[in-house]
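Participant: Below is the structure I would like to discuss, written out as structure tokens.
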Amino acid sequence: MNDTPPAPNSQASDEAKRRPARRRLLQGAVASGLGLAAAPAVHAKRPIVMRMQTAWPARDIFHEFARDFATKLGQVTAGRLRIETLPAGTVVKAFDLIDAVSRGAVDAGHGTLAYWTAKNSALGLWGSGPAFGMDANMLLAWHEHGGGKALLEEIYKGLDLDVRSFLYGPMPTQPLGWFKRPIRSLDDLKGLRFRTVGLAAEMLTELGMRVNSLPATEIVTAIDRGQLDAAEFNNPTSDRGLGFPEVAKYCMLQSFHQPCEQFEILVNRTRFARLPAELQTAFAATVQACSAEMSWKAIDRYSKDYAAMREAGVVFLRTPEAILQAQLQAWGRIIERRSAQNPMFARVATSMESFAKRAGRWAYDTAVDHRLAWNDGASKVGR
């Protein structure tokens with residue numbers, strides 16, 4: 001019998017070293033089968049964060065609408081896609097926003113097409129002017145189903161803008177504006193230094209006004225300093241928040257200069273294309289969901305601020321019909337002139353008019369005058 005210890009076996013030594021690794025692998029497999037392997041082994045993907053600047057001051061409800069979109073998108077994607085919302089001026093001025101999105105200075109923007117009208121006059125047709133009798137929701141219907149989206153895509157491509165555009169949020173008819181005295185006739189408008197934007201500026205210039213297109217943040221200060229005589233922005237909540245009642249006492253309701261505008265969410269096209277397909281789908285679906293929610297929220301908030309301003313002594317007057325008719329006549333001249341100058345303008349106007357004839361016929365033939373019922377209810381409760 002040989003009592004000499006066996007020489008070390010390198011194969012056995014290697015086997016001993018591999019046992020702990022096999023045990024860990026086996027434990028992991030068992031835990032996975034029991035649904036216990038989640039913790040360190042399966043980490044949630046880090047969220048994708050995009051920066052979106054708006055064209056609006058932080059205190060404006062429009063900026064709030066943009067934040068609402070960001071919040072909803074985070075909920076829909078379970079936090080996988082997050083939007084950091086920045087107010088106007090954080091990175092660029094409001095009117096420079098589309099260029100900032102295109103070159104990637106910000107990932108996304110929230111504004112309106114009226115702000116880009118200087119790039120191509122056809123862009124002003126999305127929101128400026130009477131839109132051949134369509135309201136804001138009908139205009140969005142034309143955009144989504146009547147050819148508007150393809151035309152807008154073509155315009156942006158022709159301008160070499162690297163952006164994806166999502167329109168949403170039909171806006172109610174905007175007031176003619178805020179004035180220091182009542183507007184009774186066309187003569188009262190002539191020579192007034194006035195703020196508006198887009199093709200609305202061209203319409204009101206036709207009526208004899210001296211128009212200056214300022215961003216929202218500068219309007220009230222310009223009136224207060226005497227640089228403007230009057231101005232418009234959009235709605236009771238925005239106008240009250242921006243301080244219009246502090247510098248002008250009279251608000252003239254109803255106008256054809258911007259009766260059917262909508263918001264635009266712009267995204268850098270290259271950045272958007274890099275998102276996973278499911279996040280691209282979620283983004284587009286969230287835009288549509290927020291379009292409805294914005295409309296409902298606007299009715300609630302705008303009506304509250306309208307009531308508050310009436311109670312505070314602001315005088316709201318209806319714009320005289322003669323001015324409305326003059327606006328329509330001026331718009332007809334603009335359509336004719338711009339169509340002759342810009343083939344794309346003519347194509348967009350023709351497409352809108354064709355859709356409006358069909359949709360408007362159905363809408364106005366079938367809609368009841370809801371004011372009849374409102375007046376009936378108002379009389380019964382003593383309003």
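The chains in the structure tokens are called A, B, ... from first to last as shown; in each chain the residues are counted from 1, and the ligands are counted from 1 in the order shown.
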List every residue of segment 10-233 of chain A that DSSP, applied to the backbone, labels as strand (DSSP E), and write the result as JSON, numbers by chain.

Facilitator: {"A": [48, 49, 50, 51, 52, 53, 54, 81, 82, 83, 84, 85, 86, 108, 109, 110, 111, 163, 164, 165, 166, 167, 168, 177, 178, 179, 193, 194, 195, 210, 211, 212, 230, 231]}

Participant: May I have the selected residues written with N, CA and C atoms, as a compact mmCIF listing (two decimals), in the first residue's frame?

Facilitator:
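Final file, again_38.txt:
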```txt
# COMPACT_ATOMS: atom_id res chain seq x y z
N ILE A 48 -36.27 58.36 -21.23
CA ILE A 48 -35.80 59.29 -22.26
C ILE A 48 -36.36 60.66 -21.91
N VAL A 49 -35.50 61.65 -21.81
CA VAL A 49 -35.92 63.00 -21.43
C VAL A 49 -35.74 63.93 -22.62
N MET A 50 -36.82 64.67 -22.94
CA MET A 50 -36.77 65.66 -24.02
C MET A 50 -37.10 67.03 -23.45
N ARG A 51 -36.44 68.05 -23.98
CA ARG A 51 -36.72 69.43 -23.56
C ARG A 51 -37.65 70.08 -24.57
N MET A 52 -38.75 70.64 -24.07
CA MET A 52 -39.72 71.33 -24.92
C MET A 52 -39.88 72.76 -24.42
N GLN A 53 -39.52 73.72 -25.27
CA GLN A 53 -39.79 75.12 -24.92
C GLN A 53 -41.10 75.55 -25.55
N THR A 54 -41.86 76.37 -24.83
CA THR A 54 -43.09 76.90 -25.37
C THR A 54 -42.88 78.33 -25.87
N LEU A 81 -40.93 58.12 -21.30
CA LEU A 81 -40.65 59.34 -22.06
C LEU A 81 -41.09 60.53 -21.23
N ARG A 82 -40.15 61.38 -20.87
CA ARG A 82 -40.44 62.53 -20.04
C ARG A 82 -40.14 63.81 -20.80
N ILE A 83 -41.01 64.80 -20.62
CA ILE A 83 -40.84 66.10 -21.28
C ILE A 83 -40.55 67.15 -20.21
N GLU A 84 -39.43 67.83 -20.35
CA GLU A 84 -39.11 68.97 -19.50
C GLU A 84 -39.61 70.22 -20.21
N THR A 85 -40.58 70.91 -19.60
CA THR A 85 -41.25 72.03 -20.25
C THR A 85 -40.66 73.36 -19.80
N LEU A 86 -40.23 74.17 -20.77
CA LEU A 86 -39.56 75.45 -20.50
C LEU A 86 -40.39 76.59 -21.06
N ALA A 108 -38.19 69.90 -28.68
CA ALA A 108 -39.59 70.11 -29.08
C ALA A 108 -40.00 71.54 -28.76
N GLY A 109 -41.10 71.95 -29.37
CA GLY A 109 -41.64 73.28 -29.13
C GLY A 109 -43.15 73.25 -29.09
N HIS A 110 -43.75 74.24 -28.42
CA HIS A 110 -45.21 74.36 -28.31
C HIS A 110 -45.58 75.79 -28.69
N GLY A 111 -46.25 75.95 -29.83
CA GLY A 111 -46.60 77.28 -30.30
C GLY A 111 -47.81 77.25 -31.20
N VAL A 163 -38.40 69.06 -38.78
CA VAL A 163 -39.40 69.02 -37.72
C VAL A 163 -40.54 68.08 -38.07
N ARG A 164 -41.13 67.50 -37.03
CA ARG A 164 -42.43 66.82 -37.13
C ARG A 164 -43.46 67.70 -36.45
N SER A 165 -44.60 67.86 -37.09
CA SER A 165 -45.64 68.75 -36.58
C SER A 165 -46.87 67.96 -36.14
N PHE A 166 -47.38 68.31 -34.95
CA PHE A 166 -48.61 67.71 -34.42
C PHE A 166 -49.54 68.86 -34.02
N LEU A 167 -50.67 68.97 -34.71
CA LEU A 167 -51.64 70.02 -34.38
C LEU A 167 -52.69 69.47 -33.43
N TYR A 168 -53.14 70.31 -32.51
CA TYR A 168 -54.17 69.89 -31.56
C TYR A 168 -54.76 71.13 -30.88
N GLY A 177 -60.06 92.49 -29.64
CA GLY A 177 -58.95 93.00 -28.84
C GLY A 177 -59.39 93.89 -27.70
N TRP A 178 -58.38 94.44 -27.04
CA TRP A 178 -58.55 95.32 -25.87
C TRP A 178 -58.23 96.76 -26.26
N PHE A 179 -59.16 97.67 -25.90
CA PHE A 179 -59.07 99.06 -26.32
C PHE A 179 -59.31 99.98 -25.13
N ARG A 193 -52.34 101.95 -33.23
CA ARG A 193 -51.17 101.07 -33.13
C ARG A 193 -51.62 99.81 -32.39
N PHE A 194 -51.55 98.69 -33.07
CA PHE A 194 -52.23 97.48 -32.61
C PHE A 194 -51.31 96.27 -32.71
N ARG A 195 -51.48 95.33 -31.80
CA ARG A 195 -50.71 94.09 -31.83
C ARG A 195 -51.57 92.91 -32.27
N ARG A 210 -52.29 100.18 -37.62
CA ARG A 210 -50.82 100.12 -37.71
C ARG A 210 -50.37 98.97 -36.80
N VAL A 211 -50.02 97.88 -37.42
CA VAL A 211 -49.85 96.62 -36.68
C VAL A 211 -48.39 96.38 -36.33
N ASN A 212 -48.20 95.89 -35.09
CA ASN A 212 -46.88 95.48 -34.60
C ASN A 212 -47.04 94.08 -34.02
N ALA A 230 -53.72 99.57 -28.60
CA ALA A 230 -54.63 98.45 -28.34
C ALA A 230 -53.94 97.16 -28.77
N ALA A 231 -54.54 96.03 -28.40
CA ALA A 231 -53.91 94.75 -28.73
C ALA A 231 -54.90 93.62 -28.54
```

Participant: Which residues are close to Lys72 of chain A, i.e. within 12 Å by only C-alpha atoms, leaving aside same-chain residues fewer than 6 positions away? Reply as a ChimeraX atom specification.

Facilitator: /A:65-66,78-83,282-291,293-294

Participant: May I have a table of the residues of segment 259-372 of chain A lying at most 7 Å from segment 169-176 of chain A, giving each one's closest pair of atoms and their distance in Å to one decimal, counting only C-alpha atoms, ordered by chain and ascending residue number, as a tab-separated table?

Facilitator:
```
residue	atom	partner	partner_atom	distance
A:Pro259	CA	A:Thr173	CA	4.0
A:Cys260	CA	A:Met171	CA	6.0
A:Glu261	CA	A:Met171	CA	5.4
A:Gln262	CA	A:Pro170	CA	4.7
A:Phe263	CA	A:Gly169	CA	5.6
A:Ser291	CA	A:Gly169	CA	4.3
A:Ala292	CA	A:Gly169	CA	7.0
A:Met294	CA	A:Gly169	CA	5.9
A:Ser295	CA	A:Gly169	CA	6.3
```

Participant: Residues of the last selection are to be written out with N, CA and C atoms, as a short mmCIF file (atom, residue, chain, number, x, y, z; two decimals), in the first residue's frame.

Facilitator:
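Result file is again.cif:
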```
data_model
loop_
_atom_site.label_atom_id
_atom_site.label_comp_id
_atom_site.auth_asym_id
_atom_site.auth_seq_id
_atom_site.Cartn_x
_atom_site.Cartn_y
_atom_site.Cartn_z
N PRO A 259 -60.48 83.34 -35.75
CA PRO A 259 -61.63 82.67 -35.12
C PRO A 259 -61.46 81.15 -34.97
N CYS A 260 -60.37 80.58 -35.49
CA CYS A 260 -60.29 79.11 -35.49
C CYS A 260 -58.84 78.63 -35.47
N GLU A 261 -58.11 79.08 -34.47
CA GLU A 261 -56.70 78.69 -34.37
C GLU A 261 -56.54 77.39 -33.59
N GLN A 262 -55.32 76.86 -33.59
CA GLN A 262 -55.01 75.64 -32.86
C GLN A 262 -53.54 75.69 -32.44
N PHE A 263 -53.16 74.81 -31.51
CA PHE A 263 -51.76 74.72 -31.08
C PHE A 263 -50.99 73.78 -32.01
N SER A 291 -55.90 67.06 -26.98
CA SER A 291 -56.72 67.98 -27.76
C SER A 291 -58.12 68.08 -27.16
N ALA A 292 -58.68 66.93 -26.80
CA ALA A 292 -60.00 66.92 -26.17
C ALA A 292 -59.94 67.53 -24.77
N MET A 294 -57.83 69.64 -23.48
CA MET A 294 -57.61 71.08 -23.53
C MET A 294 -58.92 71.83 -23.80
N SER A 295 -59.73 71.29 -24.72
CA SER A 295 -61.00 71.94 -25.06
C SER A 295 -61.91 72.01 -23.84
#
```

Participant: Please report the interatomic distance between atom CA of Gly208 of chain A and atom CA of Phe244 of chain A in Å with one decimal.

Facilitator: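 Distance reported for this atom pair: 22.7 Å.
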
Participant: Name the closest residue to Pro276 of chain A among the candidates A:Thr77, A:Met344, A:Glu64, A:Ala298; distances are taken between atoms, counting only C-alpha atoms.

Facilitator: A:Thr77

Participant: Between A:Leu186, A:Ala349, A:Val101, A:Leu279, which has the minimum distance to Pro47 of chain A (counting only C-alpha atoms)?

Facilitator: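 Smallest distance to Pro47 of chain A is found for A:Leu279.
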
Participant: So what do you get for atom CA of Trp116 of chain A versus atom CA of Gly198 of chain A, distance-wise?

Facilitator: 7.6 Å

Participant: Counting only C-alpha atoms, what is within 12 Å of segment 240-242 of chain A, bar same-chain residues fewer than 6 positions away, as number ranges by chain?

Facilitator: A: 56-63, 178, 215-221, 223, 231-234, 248-249, 251, 301-310, 312, 314

Participant: What does the distance from atom CA of Asn268 of chain A to atom CA of Asp162 of chain A come to in Å, to one decimal?

Facilitator: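 That distance, rounded to one decimal, is 5.9 Å.
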
Participant: I'd like the neighbourhood of Glu154 of chain A as JSON, numbers by chain, where a residue qualifies if any of its atoms comes within 12 Å (using only C-alpha atoms), though same-chain residues fewer than 2 positions away should be ignored.

Facilitator: {"A": [120, 122, 123, 147, 148, 149, 150, 151, 152, 156, 157, 158, 159, 160, 161, 162, 163, 164, 165, 344, 345, 347, 348]}

Participant: Given only C-alpha atoms as the basis, pick out the residue of A:Asp135, A:Glu336, A:Glu246, A:Asp187 nearest to Ala356 of chain A.

Facilitator: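 With only C-alpha atoms as the atom set, the closest residue is A:Asp135.
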